[in-house]
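The data block below is coords-v2.cif; it holds mmCIF, C-alpha atoms and all ligand atoms.
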data_coords
#
loop_
_atom_site.label_atom_id
_atom_site.label_comp_id
_atom_site.auth_asym_id
_atom_site.auth_seq_id
_atom_site.Cartn_x
_atom_site.Cartn_y
_atom_site.Cartn_z
CA MET A 1 107.70 96.34 112.59
CA LEU A 2 108.03 99.48 114.76
CA VAL A 3 111.40 101.19 114.28
CA ASN A 4 112.98 104.61 114.66
CA PHE A 5 113.51 106.64 111.48
CA ILE A 6 117.31 106.69 111.40
CA GLU A 7 117.88 103.88 108.91
CA MET A 8 114.94 104.69 106.63
CA LEU A 9 115.83 108.39 106.41
CA ASN A 10 119.54 107.79 105.89
CA ASN A 11 118.69 105.34 103.10
CA ALA A 12 116.25 107.82 101.58
CA LYS A 13 118.86 110.57 101.63
CA LYS A 14 121.38 108.30 99.94
CA GLU A 15 118.88 107.22 97.27
CA ARG A 16 117.49 110.76 96.85
CA CYS A 17 113.94 109.89 97.66
CA ALA A 18 111.65 110.69 100.60
CA ILE A 19 109.67 108.82 103.22
CA PRO A 20 106.09 109.98 103.71
CA HIS A 21 105.20 111.22 107.19
CA LEU A 22 101.43 110.82 107.36
CA ASN A 23 99.48 112.12 110.34
CA ILE A 24 97.06 109.70 111.96
CA ASN A 25 93.91 110.67 113.86
CA ASN A 26 92.17 107.45 114.81
CA LEU A 27 92.00 103.69 114.35
CA GLU A 28 90.61 103.94 110.82
CA TRP A 29 93.36 106.23 109.54
CA SER A 30 96.06 104.08 111.14
CA LYS A 31 94.60 100.95 109.54
CA ILE A 32 94.15 102.50 106.10
CA ILE A 33 97.71 103.92 106.00
CA LEU A 34 99.37 100.75 107.34
CA GLU A 35 97.55 98.47 104.88
CA LYS A 36 98.23 100.72 101.91
CA CYS A 37 101.95 101.14 102.69
CA GLN A 38 102.24 97.38 103.25
CA GLU A 39 100.64 96.79 99.84
CA LEU A 40 103.05 99.30 98.25
CA ASN A 41 105.93 97.79 100.25
CA VAL A 42 107.32 101.12 101.47
CA PRO A 43 108.44 102.31 104.90
CA VAL A 44 106.19 104.91 106.54
CA ILE A 45 106.31 107.41 109.38
CA LEU A 46 103.05 107.81 111.30
CA GLY A 47 102.91 111.32 112.76
CA VAL A 48 100.93 112.03 115.92
CA SER A 49 100.44 115.56 117.26
CA ALA A 50 99.64 116.17 120.91
CA SER A 51 96.05 117.00 120.00
CA ALA A 52 95.74 113.78 117.98
CA ALA A 53 97.17 111.80 120.91
CA GLU A 54 94.60 113.41 123.18
CA TYR A 55 91.86 112.49 120.71
CA PHE A 56 93.06 108.86 120.76
CA GLY A 57 92.82 108.90 124.55
CA GLY A 58 96.53 109.44 125.22
CA TRP A 59 99.97 108.56 123.80
CA TYR A 60 99.76 105.03 125.16
CA VAL A 61 96.38 104.35 123.55
CA CYS A 62 97.76 105.54 120.23
CA TYR A 63 100.85 103.35 120.60
CA SER A 64 98.65 100.38 121.56
CA VAL A 65 96.38 100.86 118.54
CA VAL A 66 99.28 101.10 116.09
CA SER A 67 101.36 98.27 117.58
CA SER A 68 98.33 95.98 117.77
CA LEU A 69 97.37 96.72 114.18
CA ILE A 70 100.92 95.93 113.05
CA LYS A 71 100.63 92.56 114.74
CA SER A 72 97.10 91.61 113.73
CA LEU A 73 97.39 92.83 110.13
CA ASN A 74 100.82 91.20 109.67
CA ILE A 75 102.48 94.47 108.76
CA THR A 76 106.12 93.76 107.89
CA ILE A 77 107.25 97.12 106.44
CA PRO A 78 109.29 99.42 108.72
CA VAL A 79 106.84 101.69 110.58
CA CYS A 80 108.04 104.66 112.62
CA LEU A 81 105.65 106.01 115.26
CA HIS A 82 106.62 109.65 115.60
CA VAL A 83 105.56 112.64 117.72
CA ASP A 84 104.76 115.63 115.50
CA HIS A 85 105.76 118.99 117.09
CA GLY A 86 106.08 117.91 120.71
CA THR A 87 107.19 119.83 123.77
CA LYS A 88 109.90 118.21 125.91
CA GLU A 89 107.26 116.84 128.30
CA GLU A 90 105.13 115.45 125.46
CA CYS A 91 108.15 113.81 123.81
CA ILE A 92 109.16 112.12 127.06
CA GLU A 93 105.63 110.90 127.73
CA ALA A 94 105.36 109.51 124.21
CA ILE A 95 108.76 107.76 124.49
CA ASN A 96 107.67 106.21 127.78
CA SER A 97 104.49 105.03 126.03
CA GLY A 98 106.40 103.20 123.29
CA PHE A 99 106.84 105.78 120.50
CA THR A 100 109.94 105.12 118.42
CA SER A 101 110.62 108.69 117.33
CA VAL A 102 109.93 112.29 118.33
CA MET A 103 110.08 115.79 116.92
CA ILE A 104 111.01 118.24 119.64
CA ASP A 105 109.81 121.67 118.56
CA ALA A 106 111.60 124.32 120.58
CA SER A 107 111.85 126.58 117.53
CA LYS A 108 109.93 129.41 119.19
CA TYR A 109 112.83 129.91 121.60
CA LYS A 110 116.12 131.65 120.90
CA ILE A 111 118.83 129.34 119.56
CA GLU A 112 120.55 128.76 122.94
CA GLU A 113 117.29 127.66 124.54
CA ASN A 114 116.31 125.60 121.48
CA ILE A 115 119.67 123.79 121.69
CA LYS A 116 119.33 123.21 125.45
CA ILE A 117 115.80 121.73 125.26
CA THR A 118 116.55 119.70 122.11
CA LYS A 119 119.71 118.26 123.70
CA GLU A 120 117.79 117.15 126.78
CA VAL A 121 115.29 115.30 124.58
CA VAL A 122 118.09 113.74 122.48
CA ASP A 123 119.86 112.46 125.59
CA TYR A 124 116.65 110.87 126.86
CA ALA A 125 115.62 109.49 123.45
CA HIS A 126 118.95 108.05 122.28
CA GLN A 127 119.32 105.99 125.45
CA ARG A 128 116.06 104.33 124.44
CA ASN A 129 116.81 103.87 120.73
CA VAL A 130 114.37 106.64 119.77
CA SER A 131 115.15 109.05 116.93
CA VAL A 132 114.85 112.83 117.24
CA GLU A 133 113.93 115.55 114.76
CA ALA A 134 114.21 119.24 115.65
CA GLU A 135 113.02 122.45 114.01
CA ILE A 136 114.76 125.71 113.32
CA GLY A 137 113.30 128.97 112.04
CA THR A 138 109.52 129.34 112.09
CA ILE A 139 107.27 127.00 110.16
CA GLY A 140 103.93 128.60 110.94
CA LEU A 141 100.47 128.42 109.52
CA ALA A 142 100.11 129.23 105.84
CA GLU A 143 97.40 131.81 106.46
CA ASN A 144 99.39 133.72 109.08
CA LYS A 145 102.51 134.27 106.98
CA GLU A 146 104.51 134.15 110.18
CA ASN A 147 107.45 132.34 108.69
CA ASN A 148 111.07 133.12 109.38
CA TRP A 149 113.71 131.39 107.33
CA ALA A 150 116.20 129.24 109.16
CA ASP A 151 119.67 130.69 109.70
CA ILE A 152 122.39 128.46 108.30
CA ASN A 153 124.79 128.98 111.19
CA GLU A 154 122.07 128.19 113.69
CA CYS A 155 121.25 125.01 111.74
CA ILE A 156 124.87 123.90 112.01
CA ARG A 157 124.95 124.71 115.74
CA LEU A 158 121.69 122.86 116.43
CA CYS A 159 123.00 119.74 114.68
CA GLU A 160 126.49 119.76 116.15
CA GLU A 161 125.54 120.65 119.69
CA THR A 162 122.56 118.31 120.11
CA ASN A 163 123.32 115.23 117.95
CA ILE A 164 119.80 115.18 116.45
CA ASP A 165 118.98 112.64 113.71
CA ALA A 166 117.05 114.94 111.33
CA ILE A 167 116.36 118.66 111.05
CA ALA A 168 113.37 120.62 109.77
CA PRO A 169 114.61 124.01 108.60
CA ALA A 170 112.05 126.69 107.71
CA ILE A 171 112.60 127.50 104.04
CA GLY A 172 109.33 129.25 103.19
CA ASN A 173 107.09 126.22 103.78
CA ALA A 174 104.05 126.41 106.07
CA HIS A 175 101.31 124.28 107.60
CA GLY A 176 97.73 124.11 106.36
CA ILE A 177 96.35 125.34 103.06
CA TYR A 178 98.58 127.71 101.11
CA ILE A 179 96.59 130.80 100.10
CA GLU A 180 99.35 132.05 97.82
CA THR A 181 101.97 129.89 96.14
CA PRO A 182 104.73 129.43 98.75
CA LYS A 183 108.07 130.98 97.88
CA LEU A 184 110.48 128.22 98.75
CA ASN A 185 114.09 129.28 99.30
CA PHE A 186 115.98 126.66 97.29
CA LYS A 187 119.26 128.54 97.65
CA LEU A 188 119.01 128.24 101.42
CA LEU A 189 118.02 124.57 101.17
CA LYS A 190 121.06 123.82 98.98
CA GLU A 191 123.34 125.64 101.39
CA ILE A 192 121.91 123.70 104.35
CA ASN A 193 122.17 120.39 102.48
CA ASP A 194 125.75 121.21 101.63
CA LYS A 195 126.80 121.89 105.20
CA ILE A 196 124.61 119.45 107.12
CA LYS A 197 124.93 115.73 106.74
CA ILE A 198 121.78 114.52 108.53
CA PRO A 199 118.48 114.09 106.61
CA LEU A 200 116.33 117.19 106.12
CA VAL A 201 112.60 117.33 106.76
CA LEU A 202 109.90 119.33 105.02
CA HIS A 203 106.82 120.32 106.97
CA GLY A 204 103.72 121.62 105.23
CA GLY A 205 104.14 119.28 102.26
CA SER A 206 100.47 119.61 101.27
CA GLY A 207 99.96 121.91 98.31
CA ILE A 208 103.54 122.09 97.03
CA THR A 209 103.73 121.51 93.27
CA ASN A 210 105.10 118.20 92.02
CA ASN A 211 108.05 119.86 90.31
CA GLU A 212 109.03 121.74 93.44
CA MET A 213 108.64 118.60 95.51
CA LYS A 214 111.03 116.75 93.20
CA GLU A 215 113.55 119.56 93.49
CA LEU A 216 113.22 119.58 97.28
CA ILE A 217 113.92 115.85 97.40
CA ARG A 218 116.89 116.21 95.01
CA ASN A 219 118.30 118.72 97.48
CA GLY A 220 118.27 116.63 100.63
CA ILE A 221 114.65 116.52 101.81
CA SER A 222 114.21 112.91 102.97
CA LYS A 223 111.00 113.16 105.01
CA VAL A 224 107.90 115.02 103.88
CA ASN A 225 105.11 115.74 106.34
CA ILE A 226 101.64 115.43 104.86
CA ASN A 227 98.58 116.18 106.93
CA THR A 228 96.18 118.61 105.22
CA ASP A 229 96.17 116.80 101.87
CA LEU A 230 94.97 113.55 103.44
CA GLN A 231 92.33 115.39 105.48
CA LEU A 232 91.00 117.10 102.36
CA VAL A 233 90.68 113.90 100.30
CA TRP A 234 89.18 112.02 103.26
CA LYS A 235 86.54 114.74 103.67
CA LYS A 236 85.79 114.65 99.95
CA GLY A 237 85.23 110.88 100.06
CA VAL A 238 83.05 111.02 103.16
CA MET A 239 80.90 113.85 101.83
CA LYS A 240 80.37 112.06 98.53
CA TYR A 241 79.39 108.89 100.38
CA ILE A 242 76.88 110.66 102.64
CA GLU A 243 75.43 112.49 99.65
CA ASN A 244 74.87 109.19 97.84
CA ASN A 245 73.81 107.18 100.90
CA LYS A 246 71.57 109.47 102.88
CA ASP A 247 69.97 106.61 104.83
CA VAL A 248 73.20 105.12 106.13
CA TYR A 249 73.90 105.82 109.79
CA ASP A 250 76.48 103.13 110.58
CA PRO A 251 79.52 105.16 111.76
CA ARG A 252 81.91 102.47 110.49
CA LYS A 253 80.64 102.91 106.96
CA ILE A 254 80.76 106.71 107.19
CA ILE A 255 84.21 107.12 108.77
CA TYR A 256 85.72 104.46 106.50
CA SER A 257 84.20 105.90 103.32
CA GLY A 258 87.20 108.20 102.83
CA LYS A 259 89.43 105.12 102.37
CA LYS A 260 89.44 105.05 98.57
CA GLU A 261 90.47 108.70 98.28
CA MET A 262 93.12 108.31 100.99
CA ASN A 263 94.56 105.24 99.26
CA LYS A 264 94.77 107.11 95.97
CA LYS A 265 96.53 110.06 97.61
CA ILE A 266 99.01 107.80 99.44
CA GLU A 267 99.86 106.07 96.17
CA GLU A 268 100.40 109.42 94.44
CA LEU A 269 102.68 110.60 97.24
CA VAL A 270 104.75 107.40 97.25
CA ASP A 271 105.18 107.76 93.47
CA LEU A 272 106.12 111.42 93.71
CA PHE A 273 108.57 110.82 96.57
CA GLU A 274 109.98 107.70 94.80
CA THR A 275 109.82 105.92 98.15
CA LYS A 276 110.03 102.52 96.45
CA LYS A 277 113.75 103.13 95.90
CA VAL A 278 114.23 102.12 99.54
CA SER A 279 111.75 99.19 99.56
CA ASN A 280 114.37 96.48 99.70
CA LEU A 281 117.08 98.23 101.65
ZN ZN B 1 104.90 120.55 111.06
#
Could you spell out this file's structure in structure tokens?
Amino acid sequence: MLVNFIEMLNNAKKERCAIPHLNINNLEWSKIILEKCQELNVPVILGVSASAAEYFGGWYVCYSVVSSLIKSLNITIPVCLHVDHGTKEECIEAINSGFTSVMIDASKYKIEENIKITKEVVDYAHQRNVSVEAEIGTIGLAENKENNWADINECIRLCEETNIDAIAPAIGNAHGIYIETPKLNFKLLKEINDKIKIPLVLHGGSGITNNEMKELIRNGISKVNINTDLQLVWKKGVMKYIENNKDVYDPRKIIYSGKKEMNKKIEELVDLFETKKVSNL
């Protein structure tokens, strides 16, 4: 069932667990993730970046693939189809294509402009029952070290003035592969969690230690974005398969050969995030 993330994230926040946001790239990834989460009986957020949507052939193709799979595979868990780091135009196009949730990323602008753009997306989205996440501070690439921590007062303003449903504050996390251990600002996270009532989102969840992840979730993180980790295990599985099956040239067998490793990683994440706490809610 395609839904927005409001209920699943509010439940996760209440139960102190997190919903996995897993990025999808193609039909195979969508199928693998949907089937595994159905088997585990947990809600899931499928994240789609603009470049992934383009790879699919457009937002509408991606929506069509996911919604058709849900139907033909009898997927009954709540599934949120979410834009990952969209511009206002991308968010609107995705909403018009059937997406149930968006992340408007206007974090590169000054706070006034961020609020203005985010509010425009919220107004458009909420009329259509679509949830909205926004970002504050800079969550850059791990290798660039371009991160700026979120400012608590700006977090409060962004929430109050736009009516967003979840917020992704930069707290020392980053996208991609961490070269050095990230220095997460737990003090800032606690302060934000104390003052802001909506669910908090962590980007760059790949490569954070299990203990830190548990502490993040205890302190209000209800959605964790995982992209790199799944890519790495998928690549490992595919390379192993090709190594052991040098004569195979059927693309279905090759692309799908990362399934076992992806399934194992998804199960580990669901355990770590304790997502099953919200299975029956
Ligand atoms: Zn991100």
Per residue of chain A within 8 Å of ligand ZN 1 (chain B), which atom pair is closest and at what distance in Å (one decimal), using all atoms listed in the file, listed by chain and increasing number, as CSV?
residue,atom,partner,partner_atom,distance
A:Asp84,CA,B:ZN1,ZN,6.6
A:His85,CA,B:ZN1,ZN,6.3
A:Ile139,CA,B:ZN1,ZN,6.9
A:Ala174,CA,B:ZN1,ZN,7.7
A:His175,CA,B:ZN1,ZN,6.2
A:Leu202,CA,B:ZN1,ZN,7.9
A:His203,CA,B:ZN1,ZN,4.5
A:Gly204,CA,B:ZN1,ZN,6.0
A:Asn225,CA,B:ZN1,ZN,6.7
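Minimum distance to Ile77 in chain A across A:Val238, A:Leu9, A:Ala53, A:Leu2 (counting all atoms listed in the file) occurs at A:Leu2.
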Using only C-alpha atoms, the shortest atom-to-atom distance to Val121 in chain A among A:Lys88, A:Lys240, A:Lys14, A:Lys214 belongs to A:Lys88
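Residues in contact with Thr181 in chain A at up to 12 Å, not including ones fewer than 6 positions away on its chain and judged by all atoms listed in the file, are Ala142, Glu143, Lys145, Gly172, Asn173, Ala174, Ser206, Gly207, Ile208, Thr209 and Glu212 of chain A.
The shortest atom-to-atom distance to Ser222 in chain A, with all atoms listed in the file taken into account, belongs to A:Ile6 out of A:Ala106, A:Ile24, A:Ile6, A:Ile115.
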Is it possible to get the axis-aligned box enclosing range 236-247 of chain A (all listed atoms, 4 Å extra per side) as lines of an AutoDock Vina configuration file, with centre and edge lengths in Å rounded to one decimal?
center_x = 77.9
center_y = 110.6
center_z = 101.3
size_x = 23.8
size_y = 16.0
size_z = 15.0
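In this model, the gap between CA of Thr76 in chain A and CA of Ile226 in chain A comes to 22.3 Å.
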Tell me, as JSON, numbers by chain, which residues lie within 12 Å of Gly258 in chain A, counting only C-alpha atoms; anything in the same chain fewer than 6 positions away does not count.
{"A": [28, 29, 32, 33, 230, 231, 232, 233, 234, 235, 236, 237, 238, 239, 240, 241, 242, 252, 264, 265]}
C-alpha atoms of the current selection, written as a PDB file, in the frame of the given file:
ATOM      1  CA  GLU A  28      90.610 103.940 110.820  1.00  0.00           C
ATOM      2  CA  TRP A  29      93.360 106.230 109.540  1.00  0.00           C
ATOM      3  CA  ILE A  32      94.150 102.500 106.100  1.00  0.00           C
ATOM      4  CA  ILE A  33      97.710 103.920 106.000  1.00  0.00           C
ATOM      5  CA  LEU A 230      94.970 113.550 103.440  1.00  0.00           C
ATOM      6  CA  GLN A 231      92.330 115.390 105.480  1.00  0.00           C
ATOM      7  CA  LEU A 232      91.000 117.100 102.360  1.00  0.00           C
ATOM      8  CA  VAL A 233      90.680 113.900 100.300  1.00  0.00           C
ATOM      9  CA  TRP A 234      89.180 112.020 103.260  1.00  0.00           C
ATOM     10  CA  LYS A 235      86.540 114.740 103.670  1.00  0.00           C
ATOM     11  CA  LYS A 236      85.790 114.650  99.950  1.00  0.00           C
ATOM     12  CA  GLY A 237      85.230 110.880 100.060  1.00  0.00           C
ATOM     13  CA  VAL A 238      83.050 111.020 103.160  1.00  0.00           C
ATOM     14  CA  MET A 239      80.900 113.850 101.830  1.00  0.00           C
ATOM     15  CA  LYS A 240      80.370 112.060  98.530  1.00  0.00           C
ATOM     16  CA  TYR A 241      79.390 108.890 100.380  1.00  0.00           C
ATOM     17  CA  ILE A 242      76.880 110.660 102.640  1.00  0.00           C
ATOM     18  CA  ARG A 252      81.910 102.470 110.490  1.00  0.00           C
ATOM     19  CA  LYS A 264      94.770 107.110  95.970  1.00  0.00           C
ATOM     20  CA  LYS A 265      96.530 110.060  97.610  1.00  0.00           C
TER      21      LYS A 265
END
Separation of CA of Asn23 in chain A and CA of Ile198 in chain A, in Å?
22.5 Å
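Minimum distance to Asp105 in chain A across A:Asp123, A:Leu73, A:Glu154, A:Ile167 (counting all atoms listed in the file) occurs at A:Ile167.
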Determine, using only C-alpha atoms, which residues of range 61-100 of chain A have any atom at most 12 Å from an atom of range 48-52 of chain A, and tabulate each with its shortest atom pair and distance in Å to one decimal place, rows ordered by chain and then rising number, as a Markdown table.
| residue | atom | partner | partner_atom | distance |
| --- | --- | --- | --- | --- |
| A:Val61 | CA | A:Ala52 | CA | 11.0 |
| A:Cys62 | CA | A:Val48 | CA | 8.4 |
| A:Tyr63 | CA | A:Val48 | CA | 9.9 |
| A:Val66 | CA | A:Val48 | CA | 11.1 |
| A:Cys80 | CA | A:Val48 | CA | 10.8 |
| A:Leu81 | CA | A:Val48 | CA | 7.7 |
| A:His82 | CA | A:Val48 | CA | 6.2 |
| A:Val83 | CA | A:Val48 | CA | 5.0 |
| A:Asp84 | CA | A:Ser49 | CA | 4.7 |
| A:His85 | CA | A:Ser49 | CA | 6.3 |
| A:Gly86 | CA | A:Ala50 | CA | 6.7 |
| A:Thr87 | CA | A:Ala50 | CA | 8.9 |
| A:Lys88 | CA | A:Ala50 | CA | 11.6 |
| A:Glu89 | CA | A:Ala50 | CA | 10.6 |
| A:Glu90 | CA | A:Ala50 | CA | 7.2 |
| A:Cys91 | CA | A:Ala50 | CA | 9.3 |
| A:Glu93 | CA | A:Ala50 | CA | 10.5 |
| A:Ala94 | CA | A:Ala50 | CA | 9.4 |
| A:Phe99 | CA | A:Val48 | CA | 9.7 |
| A:Thr100 | CA | A:Val48 | CA | 11.6 |
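Atom to atom, CA of Ile75 in chain A and CA of Val3 in chain A stand 12.5 Å apart.
Closest approach to Glu15 in chain A from the set A:Lys246, A:Lys197, A:Arg218, A:Lys223 is made by A:Arg218, with distances taken over only C-alpha atoms.
Taking all atoms listed in the file, the non-local environment of Asn280 in chain A within 9 Å (same-chain residues fewer than 3 positions away omitted) comprises Asn41, Val42, Lys276 and Lys277 of chain A.
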Nearest candidate to Ile152 in chain A (options A:Leu188, A:Leu272, A:Ile164, A:Ile266; using all atoms listed in the file)
A:Leu188
Could you add N, CA and C atoms to range 68-91 of chain A and give me the result as a short mmCIF file (atom, residue, chain, number, x, y, z; two decimals), keeping the file's coordinate frame?
data_model
loop_
_atom_site.label_atom_id
_atom_site.label_comp_id
_atom_site.auth_asym_id
_atom_site.auth_seq_id
_atom_site.Cartn_x
_atom_site.Cartn_y
_atom_site.Cartn_z
N SER A 68 99.24 97.13 117.91
CA SER A 68 98.33 95.98 117.77
C SER A 68 97.94 95.75 116.32
N LEU A 69 97.71 96.85 115.61
CA LEU A 69 97.37 96.72 114.18
C LEU A 69 98.52 96.06 113.41
N ILE A 70 99.75 96.49 113.73
CA ILE A 70 100.92 95.93 113.05
C ILE A 70 100.95 94.41 113.23
N LYS A 71 100.64 93.99 114.44
CA LYS A 71 100.63 92.56 114.74
C LYS A 71 99.47 91.85 114.03
N SER A 72 98.27 92.36 114.23
CA SER A 72 97.10 91.61 113.73
C SER A 72 96.95 91.69 112.22
N LEU A 73 97.49 92.73 111.60
CA LEU A 73 97.39 92.83 110.13
C LEU A 73 98.64 92.27 109.44
N ASN A 74 99.56 91.74 110.23
CA ASN A 74 100.82 91.20 109.67
C ASN A 74 101.58 92.23 108.86
N ILE A 75 101.76 93.39 109.45
CA ILE A 75 102.48 94.47 108.76
C ILE A 75 103.98 94.22 108.93
N THR A 76 104.68 94.08 107.81
CA THR A 76 106.12 93.76 107.89
C THR A 76 107.02 94.90 107.43
N ILE A 77 106.44 95.96 106.85
CA ILE A 77 107.25 97.12 106.44
C ILE A 77 107.74 97.85 107.69
N PRO A 78 108.86 98.62 107.57
CA PRO A 78 109.29 99.42 108.72
C PRO A 78 108.29 100.56 108.98
N VAL A 79 107.79 100.64 110.20
CA VAL A 79 106.84 101.69 110.58
C VAL A 79 107.45 102.48 111.74
N CYS A 80 107.52 103.80 111.56
CA CYS A 80 108.04 104.66 112.62
C CYS A 80 106.87 105.41 113.25
N LEU A 81 106.73 105.31 114.55
CA LEU A 81 105.65 106.01 115.26
C LEU A 81 106.25 107.25 115.92
N HIS A 82 105.87 108.41 115.39
CA HIS A 82 106.62 109.65 115.60
C HIS A 82 105.75 110.77 116.18
N VAL A 83 106.27 111.47 117.17
CA VAL A 83 105.56 112.64 117.72
C VAL A 83 105.76 113.82 116.78
N ASP A 84 104.67 114.47 116.40
CA ASP A 84 104.76 115.63 115.50
C ASP A 84 104.66 116.91 116.33
N HIS A 85 105.72 117.71 116.33
CA HIS A 85 105.76 118.99 117.09
C HIS A 85 105.45 118.81 118.57
N GLY A 86 106.31 118.09 119.27
CA GLY A 86 106.08 117.91 120.71
C GLY A 86 106.87 118.90 121.56
N THR A 87 106.38 119.13 122.77
CA THR A 87 107.19 119.83 123.77
C THR A 87 108.09 118.75 124.41
N LYS A 88 109.02 119.19 125.25
CA LYS A 88 109.90 118.21 125.91
C LYS A 88 109.06 117.21 126.72
N GLU A 89 108.08 117.70 127.45
CA GLU A 89 107.26 116.84 128.30
C GLU A 89 106.46 115.84 127.43
N GLU A 90 105.90 116.34 126.33
CA GLU A 90 105.13 115.45 125.46
C GLU A 90 106.02 114.38 124.83
N CYS A 91 107.22 114.78 124.42
CA CYS A 91 108.15 113.81 123.81
C CYS A 91 108.48 112.71 124.82
#
